[in-house]
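Novice: What follows is upload-v6.tsv, made up of TSV, C-alpha atoms:
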```
chain	number	residue	atom	x	y	z
A	1	MET	CA	0.00	0.00	0.00
A	2	ASN	CA	1.24	3.47	-0.88
A	3	TYR	CA	0.58	5.27	2.43
A	4	LYS	CA	0.34	9.05	2.20
A	5	LEU	CA	-0.02	10.04	5.84
A	6	VAL	CA	1.19	9.00	9.30
A	7	ILE	CA	-0.75	9.77	12.49
A	8	LEU	CA	1.18	9.83	15.76
A	9	ASP	CA	-0.06	9.71	19.33
A	10	VAL	CA	2.22	11.52	21.80
A	11	ASP	CA	2.53	10.03	25.30
A	12	GLY	CA	3.70	6.43	25.24
A	13	THR	CA	4.17	6.57	21.45
A	14	ILE	CA	6.57	9.22	20.15
A	15	LEU	CA	7.34	10.29	23.71
A	16	PRO	CA	8.08	7.76	26.48
A	17	HIS	CA	5.98	8.41	29.60
A	18	GLY	CA	7.79	10.83	31.91
A	19	LYS	CA	9.98	12.25	29.13
A	20	THR	CA	9.72	15.76	27.69
A	21	LYS	CA	11.91	15.46	24.57
A	22	LEU	CA	11.78	13.19	21.55
A	23	SER	CA	14.65	10.76	21.10
A	24	HIS	CA	17.10	11.45	18.29
A	25	ALA	CA	15.88	8.33	16.44
A	26	THR	CA	12.21	9.33	16.59
A	27	LYS	CA	12.94	12.91	15.55
A	28	ALA	CA	15.07	11.69	12.64
A	29	ALA	CA	12.29	9.31	11.55
A	30	ILE	CA	9.78	12.18	11.45
A	31	GLN	CA	12.23	14.21	9.36
A	32	GLN	CA	12.64	11.30	6.95
A	33	LEU	CA	8.85	11.16	6.49
A	34	ARG	CA	8.88	14.87	5.65
A	35	GLU	CA	11.63	14.37	3.09
A	36	LYS	CA	9.51	11.68	1.42
A	37	LYS	CA	6.53	14.10	1.32
A	38	ILE	CA	4.45	11.93	3.65
A	39	GLN	CA	1.92	14.03	5.60
A	40	LEU	CA	1.86	13.98	9.41
A	41	ILE	CA	-0.84	14.41	12.04
A	42	ILE	CA	-0.34	14.53	15.80
A	43	ALA	CA	-3.39	13.05	17.56
A	44	THR	CA	-3.30	13.33	21.32
A	45	GLY	CA	-5.43	13.35	24.43
A	46	ARG	CA	-3.44	16.41	25.47
A	47	ALA	CA	-4.74	19.96	25.39
A	48	PRO	CA	-3.08	22.42	22.96
A	49	TYR	CA	-1.30	24.12	25.86
A	50	PHE	CA	0.27	20.79	26.90
A	51	SER	CA	1.58	20.26	23.37
A	52	ASP	CA	3.61	23.34	22.44
A	53	SER	CA	7.01	21.69	22.82
A	54	ILE	CA	5.97	18.63	20.78
A	55	ILE	CA	4.54	20.81	18.00
A	56	GLN	CA	7.79	22.78	17.87
A	57	GLU	CA	9.97	19.66	17.89
A	58	THR	CA	8.01	17.86	15.17
A	59	GLY	CA	6.97	20.86	13.08
A	60	VAL	CA	3.63	19.14	12.44
A	61	GLU	CA	0.88	21.48	11.22
A	62	SER	CA	-2.15	19.17	11.57
A	63	MET	CA	-3.20	18.29	15.12
A	64	VAL	CA	-6.02	16.62	17.02
A	65	PHE	CA	-6.34	17.52	20.71
A	66	PHE	CA	-8.60	16.45	23.60
A	67	ASN	CA	-9.00	12.93	22.14
A	68	GLY	CA	-10.71	14.27	19.04
A	69	SER	CA	-12.75	17.21	20.36
A	70	TYR	CA	-10.50	19.86	18.78
A	71	ALA	CA	-8.67	19.87	15.44
A	72	TYR	CA	-6.19	22.35	13.96
A	73	HIS	CA	-4.68	22.62	10.50
A	74	GLU	CA	-1.93	25.10	9.61
A	75	GLY	CA	-2.65	27.17	12.71
A	76	LYS	CA	-6.40	27.35	12.08
A	77	GLU	CA	-9.13	25.67	14.06
A	78	ILE	CA	-11.19	23.46	11.74
A	79	TYR	CA	-13.31	21.54	14.25
A	80	LYS	CA	-14.34	21.72	17.91
A	81	SER	CA	-16.96	20.01	20.04
A	82	ALA	CA	-17.43	21.26	23.62
A	83	ILE	CA	-19.30	19.26	26.26
A	84	ASN	CA	-22.90	20.40	26.82
A	85	LYS	CA	-23.43	22.34	30.08
A	86	GLN	CA	-26.27	20.03	31.20
A	87	ILE	CA	-23.95	17.04	30.88
A	88	LEU	CA	-21.24	18.87	32.79
A	89	GLU	CA	-23.73	19.64	35.55
A	90	LYS	CA	-24.58	15.94	35.93
A	91	VAL	CA	-20.90	15.05	36.34
A	92	HIS	CA	-20.32	17.97	38.68
A	93	LEU	CA	-23.19	16.95	40.97
A	94	LEU	CA	-22.05	13.31	41.03
A	95	SER	CA	-18.49	14.29	41.83
A	96	ASN	CA	-19.72	16.42	44.72
A	97	ASP	CA	-21.77	13.50	46.07
A	98	PHE	CA	-18.80	11.13	45.96
A	99	GLN	CA	-16.16	13.74	46.83
A	100	HIS	CA	-14.17	12.99	43.68
A	101	PRO	CA	-12.07	15.84	42.24
A	102	LEU	CA	-12.49	16.91	38.63
A	103	THR	CA	-10.12	18.73	36.32
A	104	PHE	CA	-11.87	20.86	33.70
A	105	LEU	CA	-10.00	21.50	30.44
A	106	SER	CA	-11.03	24.51	28.38
A	107	GLY	CA	-9.46	25.65	25.14
A	108	THR	CA	-6.96	27.86	26.95
A	109	SER	CA	-6.54	26.59	30.52
A	110	PHE	CA	-7.20	23.73	32.93
A	111	LYS	CA	-8.36	23.91	36.54
A	112	SER	CA	-9.06	21.33	39.26
A	113	THR	CA	-11.69	21.34	41.99
A	114	ASP	CA	-9.26	20.11	44.69
A	115	LEU	CA	-5.52	20.73	44.40
A	116	SER	CA	-4.66	18.93	47.65
A	117	HIS	CA	-6.34	15.61	46.85
A	118	PRO	CA	-3.72	12.81	46.60
A	119	TYR	CA	-5.13	11.56	43.28
A	120	VAL	CA	-4.82	15.03	41.76
A	121	ILE	CA	-1.26	15.40	43.04
A	122	GLU	CA	-0.45	11.93	41.65
A	123	ALA	CA	-1.95	12.76	38.25
A	124	TYR	CA	0.43	15.66	37.65
A	125	GLN	CA	3.51	14.49	39.55
A	126	HIS	CA	5.58	13.83	36.41
A	127	ASP	CA	4.28	16.76	34.36
A	128	PRO	CA	5.82	20.22	33.93
A	129	TRP	CA	2.33	21.76	34.17
A	130	LYS	CA	0.14	22.04	37.28
A	131	PRO	CA	-3.54	23.01	37.47
A	132	GLU	CA	-4.91	26.04	39.27
A	133	LEU	CA	-7.91	25.86	41.58
A	134	ALA	CA	-11.16	25.96	39.60
A	135	PRO	CA	-13.50	28.83	40.51
A	136	SER	CA	-17.05	27.56	41.09
A	137	GLN	CA	-18.22	29.12	37.82
A	138	PHE	CA	-15.30	27.92	35.65
A	139	TRP	CA	-17.16	25.10	33.91
A	140	THR	CA	-20.24	27.24	33.35
A	141	ASP	CA	-18.32	30.21	31.93
A	142	GLU	CA	-15.85	28.33	29.71
A	143	ASP	CA	-16.23	25.88	26.85
A	144	ILE	CA	-15.02	22.57	28.29
A	145	TYR	CA	-13.65	20.01	25.83
A	146	GLN	CA	-12.44	17.34	28.23
A	147	LEU	CA	-12.43	16.38	31.90
A	148	PHE	CA	-10.16	14.33	34.10
A	149	LEU	CA	-12.03	12.34	36.74
A	150	HIS	CA	-9.86	11.43	39.71
A	151	CYS	CA	-11.22	8.28	41.37
A	152	ASP	CA	-10.61	4.54	41.76
A	153	LEU	CA	-11.57	2.23	38.90
A	154	GLU	CA	-14.57	0.67	40.64
A	155	GLU	CA	-15.98	4.10	41.48
A	156	GLU	CA	-15.96	5.05	37.81
A	157	LEU	CA	-19.03	2.82	37.31
A	158	HIS	CA	-21.30	5.38	39.01
A	159	TYR	CA	-20.46	7.88	36.28
A	160	GLN	CA	-20.69	5.41	33.41
A	161	THR	CA	-24.19	4.44	34.57
A	162	ASN	CA	-25.51	7.92	35.28
A	163	VAL	CA	-23.84	9.90	32.50
A	164	PRO	CA	-24.01	7.71	29.37
A	165	GLU	CA	-23.33	10.76	27.20
A	166	LEU	CA	-19.70	10.58	28.32
A	167	ASP	CA	-16.89	8.11	27.79
A	168	PHE	CA	-14.44	7.27	30.61
A	169	ARG	CA	-11.00	5.83	29.83
A	170	ARG	CA	-8.21	5.15	32.33
A	171	TRP	CA	-4.82	6.67	31.67
A	172	SER	CA	-3.26	3.26	32.38
A	173	SER	CA	-4.23	0.01	34.07
A	174	GLY	CA	-3.22	1.24	37.54
A	175	ALA	CA	-4.09	4.92	37.14
A	176	ARG	CA	-6.54	6.67	39.46
A	177	THR	CA	-7.43	9.24	36.81
A	178	CYS	CA	-9.36	8.84	33.57
A	179	ASP	CA	-10.01	10.94	30.49
A	180	VAL	CA	-13.64	12.00	30.14
A	181	ASN	CA	-14.92	12.90	26.67
A	182	LEU	CA	-18.21	12.92	24.82
A	183	SER	CA	-19.24	9.37	23.89
A	184	ASN	CA	-19.59	10.39	20.24
A	185	SER	CA	-16.18	12.06	20.20
A	186	ASN	CA	-12.85	10.26	19.84
A	187	LYS	CA	-9.59	10.64	17.95
A	188	ALA	CA	-11.10	9.12	14.80
A	189	VAL	CA	-13.65	11.96	14.66
A	190	GLY	CA	-11.02	14.72	14.68
A	191	ILE	CA	-8.75	12.76	12.34
A	192	THR	CA	-11.59	12.30	9.84
A	193	LYS	CA	-12.06	16.08	9.72
A	194	LEU	CA	-8.36	16.52	8.92
A	195	LEU	CA	-8.30	13.72	6.34
A	196	GLU	CA	-11.21	15.39	4.54
A	197	LYS	CA	-9.30	18.68	4.60
A	198	LEU	CA	-6.18	17.02	3.22
A	199	GLY	CA	-8.02	14.91	0.63
A	200	ILE	CA	-6.61	11.64	1.96
A	201	ALA	CA	-8.64	8.46	2.48
A	202	PRO	CA	-8.44	6.62	5.84
A	203	ASP	CA	-6.99	3.50	4.19
A	204	GLU	CA	-4.09	5.62	2.89
A	205	ALA	CA	-3.04	6.42	6.48
A	206	VAL	CA	-0.91	4.73	9.14
A	207	ALA	CA	-1.52	5.40	12.86
A	208	PHE	CA	0.64	4.68	15.92
A	209	GLY	CA	-0.79	4.59	19.45
A	210	ASP	CA	-0.55	2.88	22.83
A	211	GLY	CA	-3.70	3.61	24.88
A	212	LEU	CA	-7.41	2.91	25.12
A	213	ASN	CA	-8.02	6.34	23.57
A	214	ASP	CA	-6.29	5.12	20.38
A	215	ILE	CA	-8.66	2.21	19.62
A	216	GLU	CA	-10.93	4.10	17.20
A	217	MET	CA	-7.94	5.76	15.53
A	218	LEU	CA	-6.18	2.46	14.79
A	219	SER	CA	-9.48	0.95	13.63
A	220	LEU	CA	-10.08	3.84	11.21
A	221	VAL	CA	-6.88	3.71	9.19
A	222	GLY	CA	-5.40	1.30	6.66
A	223	MET	CA	-2.53	0.34	8.99
A	224	GLY	CA	-2.99	0.60	12.75
A	225	VAL	CA	0.21	0.08	14.74
A	226	ALA	CA	0.16	-0.57	18.51
A	227	MET	CA	3.21	0.17	20.62
A	228	GLY	CA	4.87	-2.82	22.28
A	229	SER	CA	4.06	-1.45	25.74
A	230	GLY	CA	0.50	-0.54	24.73
A	231	ARG	CA	-2.75	-1.82	26.19
A	232	GLU	CA	-3.76	-5.36	25.22
A	233	GLU	CA	-7.20	-4.11	24.14
A	234	LEU	CA	-5.46	-1.89	21.57
A	235	LYS	CA	-3.22	-4.66	20.29
A	236	GLN	CA	-6.35	-6.70	19.55
A	237	VAL	CA	-7.52	-4.13	16.95
A	238	ALA	CA	-4.05	-3.32	15.57
A	239	ASN	CA	-2.70	-4.57	12.24
A	240	MET	CA	0.81	-4.61	13.65
A	241	VAL	CA	2.63	-4.36	16.99
A	242	THR	CA	5.95	-2.53	17.17
A	243	LEU	CA	8.47	-1.94	19.95
A	244	SER	CA	7.87	0.36	22.93
A	245	ALA	CA	8.41	4.14	22.92
A	246	GLU	CA	11.55	3.61	25.02
A	247	GLU	CA	12.87	1.36	22.23
A	248	ASP	CA	11.99	3.90	19.48
A	249	GLY	CA	9.03	1.79	18.38
A	250	VAL	CA	7.75	4.42	15.94
A	251	ARG	CA	11.00	4.36	13.99
A	252	TYR	CA	11.08	0.55	14.05
A	253	GLY	CA	7.48	0.37	12.81
A	254	LEU	CA	8.07	2.87	10.01
A	255	GLU	CA	11.11	0.86	8.89
A	256	ARG	CA	9.11	-2.39	8.87
A	257	LEU	CA	6.45	-0.72	6.74
A	258	GLY	CA	9.08	0.60	4.32
A	259	LEU	CA	8.11	4.21	4.94
A	260	ILE	CA	11.64	5.28	5.94
```
As structure tokens, what does this structure read like?

Specialist:
Amino acid sequence: MNYKLVILDVDGTILPHGKTKLSHATKAAIQQLREKKIQLIIATGRAPYFSDSIIQETGVESMVFFNGSYAYHEGKEIYKSAINKQILEKVHLLSNDFQHPLTFLSGTSFKSTDLSHPYVIEAYQHDPWKPELAPSQFWTDEDIYQLFLHCDLEEELHYQTNVPELDFRRWSSGARTCDVNLSNSNKAVGITKLLEKLGIAPDEAVAFGDGLNDIEMLSLVGMGVAMGSGREELKQVANMVTLSAEEDGVRYGLERLGLI
């Protein structure tokens, strides 16, 4: 297959967890794709303001943020889908009942309801960014594209049952935080908007990912590649499994596919 585009997740894919810079091998692989005129998309669960350094390092001009709720192309917003205020209110009331902190992510900032909670502290312990305390009106005044729910896995069921409009996905198998997005919004949605803009069919694309939030993305494209350290559920839908991010799995995968 003559693939025209490569889609890259960030954390756990081009960037090992806990790292802030791309490896030389991964950066060189991205440059080789550019030289071969293969298009690139970054598709991440991150907010735009968590992604500045990656955008600068890769030079990529097409990006999907918030697990598909926000898409940019050449510096221009081409798609966005904020969470309805009534849905946010349902989550907010539930979180108050169970005393679970929430982090609200708007287009320009992120704020948490309890900065001292151990699960909130744990969530950001390896990150260069820290949330501010959310004013009571923050989620009502701002467009919110994503939430982080800080609770144990078994407690997540209350939210899944009572707020079916939202999708809850753990950061990792042992994490006490999960991404919260609209059920009808995922990376494949934002990617589809960009593919339409670029005039490229899904089966002409390759995608690399490692997490539960990458399942729809890998299922969408012609060649879905799961990282070696990725979730087993993702590997089940992948066409290929490569090495881990620590082992420069993106470069290895691109070499196996003959793209570099």

Novice: A:Gln32, A:Val120, A:Asp11, A:Phe65: which is nearest Gly230 in chain A, counting all atoms listed in the file?

Specialist: A:Asp11

Novice: Please report the interatomic distance between CA of Ser112 in chain A and CA of Ser69 in chain A in Å with one decimal.

Specialist: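 A separation of 19.7 Å between them.
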
Novice: Distance table requested - range 115-184 of chain A against range 213-220 of chain A, cut-off 12 Å, all atoms listed in the file: one row per qualifying residue with the closest atom pair and its distance in Å to one decimal, ordered by chain and rising residue number, as JSON lines.

Specialist:
```
{"residue": "A:Asp167", "atom": "CA", "partner": "A:Asn213", "partner_atom": "CA", "distance": 10.0}
{"residue": "A:Phe168", "atom": "CA", "partner": "A:Asn213", "partner_atom": "CA", "distance": 9.6}
{"residue": "A:Arg169", "atom": "CA", "partner": "A:Asn213", "partner_atom": "CA", "distance": 7.0}
{"residue": "A:Arg170", "atom": "CA", "partner": "A:Asn213", "partner_atom": "CA", "distance": 8.8}
{"residue": "A:Trp171", "atom": "CA", "partner": "A:Asn213", "partner_atom": "CA", "distance": 8.7}
{"residue": "A:Ser172", "atom": "CA", "partner": "A:Asn213", "partner_atom": "CA", "distance": 10.5}
{"residue": "A:Cys178", "atom": "CA", "partner": "A:Asn213", "partner_atom": "CA", "distance": 10.4}
{"residue": "A:Asp179", "atom": "CA", "partner": "A:Asn213", "partner_atom": "CA", "distance": 8.5}
{"residue": "A:Val180", "atom": "CA", "partner": "A:Asn213", "partner_atom": "CA", "distance": 10.3}
{"residue": "A:Asn181", "atom": "CA", "partner": "A:Asn213", "partner_atom": "CA", "distance": 10.0}
{"residue": "A:Ser183", "atom": "CA", "partner": "A:Asn213", "partner_atom": "CA", "distance": 11.6}
{"residue": "A:Asn184", "atom": "CA", "partner": "A:Glu216", "partner_atom": "CA", "distance": 11.1}
```

Novice: Just to be explicit: take each residue in the selection above, keep C-alpha atoms, and write the result as a PDB file, in the frame of the given file.

Specialist:
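Output contents, as saved in selection-v2.pdb:
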```pdb
ATOM      1  CA  ASP A 167     -16.890   8.110  27.790  1.00  0.00           C
ATOM      2  CA  PHE A 168     -14.440   7.270  30.610  1.00  0.00           C
ATOM      3  CA  ARG A 169     -11.000   5.830  29.830  1.00  0.00           C
ATOM      4  CA  ARG A 170      -8.210   5.150  32.330  1.00  0.00           C
ATOM      5  CA  TRP A 171      -4.820   6.670  31.670  1.00  0.00           C
ATOM      6  CA  SER A 172      -3.260   3.260  32.380  1.00  0.00           C
ATOM      7  CA  CYS A 178      -9.360   8.840  33.570  1.00  0.00           C
ATOM      8  CA  ASP A 179     -10.010  10.940  30.490  1.00  0.00           C
ATOM      9  CA  VAL A 180     -13.640  12.000  30.140  1.00  0.00           C
ATOM     10  CA  ASN A 181     -14.920  12.900  26.670  1.00  0.00           C
ATOM     11  CA  SER A 183     -19.240   9.370  23.890  1.00  0.00           C
ATOM     12  CA  ASN A 184     -19.590  10.390  20.240  1.00  0.00           C
TER      13      ASN A 184
END
```

Novice: How many Å separate CA of Gly107 in chain A from CA of Val60 in chain A?

Specialist: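 The value is 19.4 Å.
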
Novice: Report, in Å with one decimal, the straight-line distance from CA of Ser244 in chain A to CA of Ile14 in chain A.

Specialist: 9.4 Å

Novice: Residues around (-23.4, 14.0, 35.9), cut-off 10 Å, counting all atoms listed in the file - what are they as JSON, numbers by chain?

Specialist: {"A": [86, 87, 88, 89, 90, 91, 92, 93, 94, 95, 96, 158, 159, 160, 161, 162, 163, 164, 165, 166]}

Novice: For C-alpha atoms, I'd like the residues from the last selection saved as a tab-separated table (two decimals), keeping the file's coordinate frame.

Specialist:
```tsv
chain	number	residue	atom	x	y	z
A	86	GLN	CA	-26.27	20.03	31.20
A	87	ILE	CA	-23.95	17.04	30.88
A	88	LEU	CA	-21.24	18.87	32.79
A	89	GLU	CA	-23.73	19.64	35.55
A	90	LYS	CA	-24.58	15.94	35.93
A	91	VAL	CA	-20.90	15.05	36.34
A	92	HIS	CA	-20.32	17.97	38.68
A	93	LEU	CA	-23.19	16.95	40.97
A	94	LEU	CA	-22.05	13.31	41.03
A	95	SER	CA	-18.49	14.29	41.83
A	96	ASN	CA	-19.72	16.42	44.72
A	158	HIS	CA	-21.30	5.38	39.01
A	159	TYR	CA	-20.46	7.88	36.28
A	160	GLN	CA	-20.69	5.41	33.41
A	161	THR	CA	-24.19	4.44	34.57
A	162	ASN	CA	-25.51	7.92	35.28
A	163	VAL	CA	-23.84	9.90	32.50
A	164	PRO	CA	-24.01	7.71	29.37
A	165	GLU	CA	-23.33	10.76	27.20
A	166	LEU	CA	-19.70	10.58	28.32
```

Novice: Choose the residue, out of A:Arg176, A:Lys187, A:His150, A:Arg256, that has the smallest atom-to-atom separation from Val64 in chain A; count all atoms listed in the file.

Specialist: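 Between A:Arg176, A:Lys187, A:His150, A:Arg256, the residue approaching Val64 in chain A most closely is A:Lys187.
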
Novice: With distances taken over all atoms listed in the file, which of A:Ala25, A:Gln31, A:Lys4, A:Leu15 is nearest to Met227 in chain A?

Specialist: A:Leu15

Novice: When you count only C-alpha atoms, which of these residues is closest to Val189 in chain A: A:Lys80, A:Asp210, A:Leu133, A:Lys111?

Specialist: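 Under the stated criterion, the closest residue is A:Lys80.
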
Novice: So, with all atoms listed in the file as the atoms that count, which of A:Lys197, A:Arg46, A:Lys36, A:Arg231 lies closest to Gly258 in chain A?

Specialist: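 Of A:Lys197, A:Arg46, A:Lys36, A:Arg231, the one nearest Gly258 in chain A, counting all atoms listed in the file, is A:Lys36.
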
Novice: Considering only C-alpha atoms, return as a tab-separated table (two decimals) with C-alpha atoms, in the coordinates of the input whatever protein or nucleic-acid residues lie within 12 Å of Phe104 in chain A, sequence-local ones (same chain, fewer than 2 positions apart) excluded.

Specialist:
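selection_18.tsv, freshly written:
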```tsv
chain	number	residue	atom	x	y	z
A	47	ALA	CA	-4.74	19.96	25.39
A	66	PHE	CA	-8.60	16.45	23.60
A	82	ALA	CA	-17.43	21.26	23.62
A	83	ILE	CA	-19.30	19.26	26.26
A	88	LEU	CA	-21.24	18.87	32.79
A	91	VAL	CA	-20.90	15.05	36.34
A	92	HIS	CA	-20.32	17.97	38.68
A	101	PRO	CA	-12.07	15.84	42.24
A	102	LEU	CA	-12.49	16.91	38.63
A	106	SER	CA	-11.03	24.51	28.38
A	107	GLY	CA	-9.46	25.65	25.14
A	108	THR	CA	-6.96	27.86	26.95
A	109	SER	CA	-6.54	26.59	30.52
A	110	PHE	CA	-7.20	23.73	32.93
A	111	LYS	CA	-8.36	23.91	36.54
A	112	SER	CA	-9.06	21.33	39.26
A	113	THR	CA	-11.69	21.34	41.99
A	114	ASP	CA	-9.26	20.11	44.69
A	131	PRO	CA	-3.54	23.01	37.47
A	132	GLU	CA	-4.91	26.04	39.27
A	133	LEU	CA	-7.91	25.86	41.58
A	134	ALA	CA	-11.16	25.96	39.60
A	135	PRO	CA	-13.50	28.83	40.51
A	136	SER	CA	-17.05	27.56	41.09
A	137	GLN	CA	-18.22	29.12	37.82
A	138	PHE	CA	-15.30	27.92	35.65
A	139	TRP	CA	-17.16	25.10	33.91
A	140	THR	CA	-20.24	27.24	33.35
A	141	ASP	CA	-18.32	30.21	31.93
A	142	GLU	CA	-15.85	28.33	29.71
A	143	ASP	CA	-16.23	25.88	26.85
A	144	ILE	CA	-15.02	22.57	28.29
A	145	TYR	CA	-13.65	20.01	25.83
A	146	GLN	CA	-12.44	17.34	28.23
A	147	LEU	CA	-12.43	16.38	31.90
A	148	PHE	CA	-10.16	14.33	34.10
A	149	LEU	CA	-12.03	12.34	36.74
A	150	HIS	CA	-9.86	11.43	39.71
A	179	ASP	CA	-10.01	10.94	30.49
A	180	VAL	CA	-13.64	12.00	30.14
A	181	ASN	CA	-14.92	12.90	26.67
```
